[in-house]
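Structure file work27.cif (mmCIF, C-alpha atoms) follows.
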data_model
#
loop_
_atom_site.label_atom_id
_atom_site.label_comp_id
_atom_site.auth_asym_id
_atom_site.auth_seq_id
_atom_site.Cartn_x
_atom_site.Cartn_y
_atom_site.Cartn_z
CA MET A 1 -34.25 -21.05 -37.11
CA GLY A 2 -34.51 -18.11 -39.54
CA THR A 3 -35.56 -15.66 -36.81
CA THR A 4 -32.67 -16.73 -34.58
CA ASN A 5 -30.17 -16.14 -37.40
CA ARG A 6 -31.65 -12.69 -38.09
CA ILE A 7 -30.93 -11.77 -34.49
CA LEU A 8 -27.59 -13.57 -33.95
CA ILE A 9 -25.88 -12.50 -37.17
CA PRO A 10 -26.27 -8.72 -36.53
CA ILE A 11 -25.21 -9.21 -32.89
CA ALA A 12 -22.14 -11.22 -33.94
CA LEU A 13 -21.33 -8.62 -36.60
CA LEU A 14 -21.68 -5.81 -34.06
CA ILE A 15 -19.39 -7.62 -31.60
CA PHE A 16 -16.82 -8.23 -34.36
CA ILE A 17 -16.88 -4.57 -35.49
CA GLY A 18 -16.65 -3.41 -31.86
CA GLY A 19 -13.64 -5.68 -31.27
CA ALA A 20 -11.92 -4.54 -34.46
CA PHE A 21 -12.54 -0.88 -33.51
CA THR A 22 -11.14 -1.49 -30.02
CA VAL A 23 -7.99 -3.16 -31.38
CA ALA A 24 -7.46 -0.47 -34.02
CA PHE A 25 -7.83 2.50 -31.70
CA SER A 26 -6.70 1.21 -28.32
CA GLU A 27 -3.37 2.04 -26.77
CA ARG A 28 -0.84 -0.76 -26.81
CA PRO A 29 1.66 0.11 -24.08
CA TRP A 30 3.82 -2.82 -25.15
CA ALA A 31 4.22 -1.58 -28.74
CA PRO A 32 7.82 -0.62 -29.55
CA ARG A 33 8.68 3.03 -29.12
CA ALA A 34 11.52 4.69 -30.98
CA ASP A 35 11.13 7.92 -29.00
CA VAL A 36 12.47 6.56 -25.67
CA GLU A 37 15.31 8.68 -24.37
CA GLN A 38 17.62 7.59 -21.59
CA PRO A 39 18.74 9.74 -18.66
CA ILE A 40 22.36 9.69 -19.85
CA PRO A 41 23.70 9.36 -23.41
CA PHE A 42 24.88 5.74 -23.14
CA SER A 43 26.13 4.35 -26.45
CA HIS A 44 25.79 0.62 -27.14
CA ARG A 45 27.73 1.29 -30.37
CA VAL A 46 30.78 2.35 -28.37
CA HIS A 47 30.51 -0.34 -25.70
CA ALA A 48 29.23 -3.41 -27.61
CA GLY A 49 30.39 -2.37 -31.09
CA ILE A 50 33.74 -0.61 -30.94
CA ASN A 51 34.91 -2.08 -27.61
CA LYS A 52 33.34 -5.52 -28.33
CA ILE A 53 31.92 -5.91 -24.80
CA PRO A 54 29.54 -8.91 -24.89
CA CYS A 55 25.89 -8.18 -24.02
CA GLN A 56 25.98 -10.55 -21.06
CA TYR A 57 28.95 -8.79 -19.47
CA CYS A 58 26.64 -5.92 -18.53
CA HIS A 59 23.30 -7.74 -18.71
CA GLU A 60 24.58 -10.67 -16.64
CA TYR A 61 21.19 -11.73 -15.31
CA ALA A 62 19.91 -12.77 -18.76
CA ARG A 63 21.51 -16.22 -18.51
CA VAL A 64 20.32 -16.99 -14.97
CA SER A 65 16.94 -15.32 -14.49
CA ALA A 66 13.74 -14.12 -16.12
CA THR A 67 15.00 -10.63 -16.96
CA SER A 68 18.28 -9.45 -18.42
CA GLY A 69 18.49 -6.74 -15.79
CA VAL A 70 20.11 -3.35 -15.83
CA PRO A 71 23.82 -3.43 -15.04
CA PRO A 72 24.78 -2.14 -11.60
CA VAL A 73 26.65 1.14 -11.61
CA ALA A 74 29.55 -0.72 -9.98
CA ARG A 75 30.00 -2.53 -13.33
CA CYS A 76 30.48 0.85 -15.04
CA VAL A 77 32.91 1.96 -12.35
CA GLY A 78 34.99 -1.16 -13.06
CA CYS A 79 36.00 0.35 -16.42
CA HIS A 80 35.39 4.05 -15.92
CA GLY A 81 37.07 4.39 -12.52
CA SER A 82 35.82 5.57 -9.17
CA SER A 83 34.63 9.02 -8.18
CA LEU A 84 38.00 9.57 -6.47
CA LEU A 85 39.65 9.40 -9.90
CA GLY A 86 37.06 11.59 -11.60
CA GLY A 87 34.91 8.67 -12.75
CA ILE A 88 31.37 7.85 -11.72
CA GLU A 89 30.09 7.13 -8.25
CA PRO A 90 28.69 3.66 -7.37
CA ILE A 91 25.16 3.25 -5.97
CA THR A 92 24.89 1.51 -2.61
CA GLN A 93 21.15 1.87 -2.09
CA PRO A 94 19.08 -1.21 -1.10
CA TRP A 95 16.34 -2.34 -3.52
CA THR A 96 13.65 -1.78 -0.89
CA ASP A 97 14.40 1.94 -0.62
CA THR A 98 12.07 3.88 -2.95
CA HIS A 99 13.81 7.24 -2.49
CA GLN A 100 15.89 8.18 -5.52
CA PRO A 101 19.40 9.21 -4.47
CA PRO A 102 21.29 11.83 -6.45
CA PHE A 103 23.10 10.48 -9.52
CA GLU A 104 21.09 7.23 -9.65
CA ILE A 105 20.56 6.12 -13.22
CA ARG A 106 16.89 5.38 -13.93
CA TRP A 107 16.84 3.72 -17.32
CA ASN A 108 13.68 3.85 -19.42
CA ARG A 109 12.32 0.66 -20.96
CA VAL A 110 12.59 0.36 -24.74
CA TYR A 111 10.79 -3.00 -24.97
CA THR A 112 7.73 -3.84 -22.89
CA LEU A 113 5.55 -6.93 -23.09
CA PRO A 114 1.93 -7.24 -21.97
CA ASP A 115 1.38 -8.48 -18.42
CA PHE A 116 -0.11 -11.73 -19.71
CA VAL A 117 3.17 -12.68 -21.41
CA LYS A 118 5.86 -14.25 -19.25
CA PHE A 119 9.01 -13.94 -21.34
CA VAL A 120 12.15 -15.38 -19.76
CA HIS A 121 15.58 -14.58 -21.21
CA LYS A 122 17.36 -17.57 -19.64
CA PRO A 123 16.11 -20.40 -21.93
CA HIS A 124 16.67 -18.25 -24.99
CA ILE A 125 20.28 -17.52 -23.98
CA TRP A 126 20.91 -21.20 -23.25
CA ALA A 127 19.37 -22.14 -26.63
CA GLY A 128 21.92 -19.93 -28.37
CA VAL A 129 19.52 -17.22 -29.51
CA ALA A 130 21.64 -14.11 -30.11
CA CYS A 131 20.37 -10.94 -28.44
CA GLN A 132 20.32 -9.26 -31.86
CA GLU A 133 17.65 -11.67 -33.15
CA CYS A 134 15.06 -9.85 -31.02
CA HIS A 135 16.74 -6.54 -30.20
CA GLY A 136 18.33 -5.88 -33.58
CA PRO A 137 21.94 -4.77 -34.18
CA VAL A 138 22.30 -3.02 -30.82
CA GLU A 139 26.08 -2.92 -31.28
CA THR A 140 25.54 -0.34 -34.06
CA MET A 141 23.19 1.90 -32.06
CA ASP A 142 24.17 4.98 -30.12
CA ARG A 143 20.62 5.07 -28.76
CA VAL A 144 18.74 1.78 -28.61
CA VAL A 145 15.59 1.81 -30.71
CA PRO A 146 13.29 -1.13 -31.37
CA VAL A 147 13.90 -2.96 -34.63
CA HIS A 148 11.11 -5.53 -34.37
CA GLU A 149 7.64 -5.41 -32.94
CA ILE A 150 7.95 -8.27 -30.51
CA ASN A 151 4.52 -9.82 -30.58
CA MET A 152 3.04 -13.30 -30.68
CA GLY A 153 3.54 -13.66 -34.44
CA PHE A 154 7.20 -12.66 -34.14
CA CYS A 155 7.81 -15.19 -31.37
CA LEU A 156 5.85 -18.02 -33.00
CA LYS A 157 7.73 -17.57 -36.28
CA CYS A 158 11.05 -17.93 -34.46
CA HIS A 159 9.82 -20.92 -32.43
CA GLU A 160 8.61 -22.58 -35.64
CA GLN A 161 11.92 -21.97 -37.43
CA ARG A 162 13.90 -23.40 -34.51
CA GLY A 163 11.57 -26.31 -33.76
CA ALA A 164 10.91 -24.89 -30.28
CA THR A 165 7.71 -25.51 -28.37
CA GLN A 166 4.59 -23.64 -29.35
CA ASP A 167 2.68 -24.68 -26.23
CA CYS A 168 0.64 -21.65 -25.07
CA PHE A 169 1.42 -22.22 -21.40
CA VAL A 170 5.14 -21.76 -21.93
CA CYS A 171 4.68 -18.02 -22.42
CA HIS A 172 1.17 -17.42 -21.08
CA HIS A 173 0.75 -18.50 -17.46
#

Rewrite the structure of this file - the entire thing - as structure tokens.
Amino acid sequence: MGTTNRILIPIALLIFIGGAFTVAFSERPWAPRADVEQPIPFSHRVHAGINKIPCQYCHEYARVSATSGVPPVARCVGCHGSSLLGGIEPITQPWTDTHQPPFEIRWNRVYTLPDFVKFVHKPHIWAGVACQECHGPVETMDRVVPVHEINMGFCLKCHEQRGATQDCFVCHH
């Protein structure tokens, strides 16, 4: 028994130190990034703050699907006018076309989750969770920057406070 422990304890310690080293120095592509710049200077402060446009007016897919989605340019044209009136031009390109047409807006992600997490906006919207609880006071931001590191601890704390399920398979499947 003593010989086995003399072998297993150093191996376990080595594995633990190796794991800790990997976690400490590995890249976490899902970590929040404050340096993300968008292709055009869109201000959530002006749209959601000053003009009081609700989040779901532009991000309409949040209440009916897994992702909140990026608003179609046609939504912008609804307020800003058409190209005939000096406004912006709508995009009429099918999703299957991978060629980028001129003037297409390619937004850069501010929040990214690991592939093993299946976050769905829909149940959170229907449960009355305000967008700001995860994304921060977006209505005050000219450029959206992450306010919280959205990780398992962040989510579990919210689920615990609200009495929501903490079943692993709800988010990890």

Residues returned when the PyMOL selection byres ((chain A and resi 70) around 10) runs on this file, as a PyMOL selection string: chain A and resi 58-62+67-69+71-73+105-107

Interatomic distance, CA of Lys118 (chain A) to CA of Phe169 (chain A) (Å, one decimal): 9.4 Å

Distance of CA of Pro146 (chain A) from CA of Gln132 (chain A), expressed in Å to one decimal place: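 Calculated distance between CA of Gln132 (chain A) and CA of Pro146 (chain A) is 10.8 Å.
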
Pick from A:Gln161, A:Ser43, A:Gln38, A:Gln166 nearest to Val138 (chain A), counting all atoms listed in the file: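 Once distances to Val138 (chain A) are computed over all atoms listed in the file, the minimum belongs to A:Ser43.
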
Distance in Å - CA of Gly19 (chain A) versus CA of Cys155 (chain A): 23.5 Å
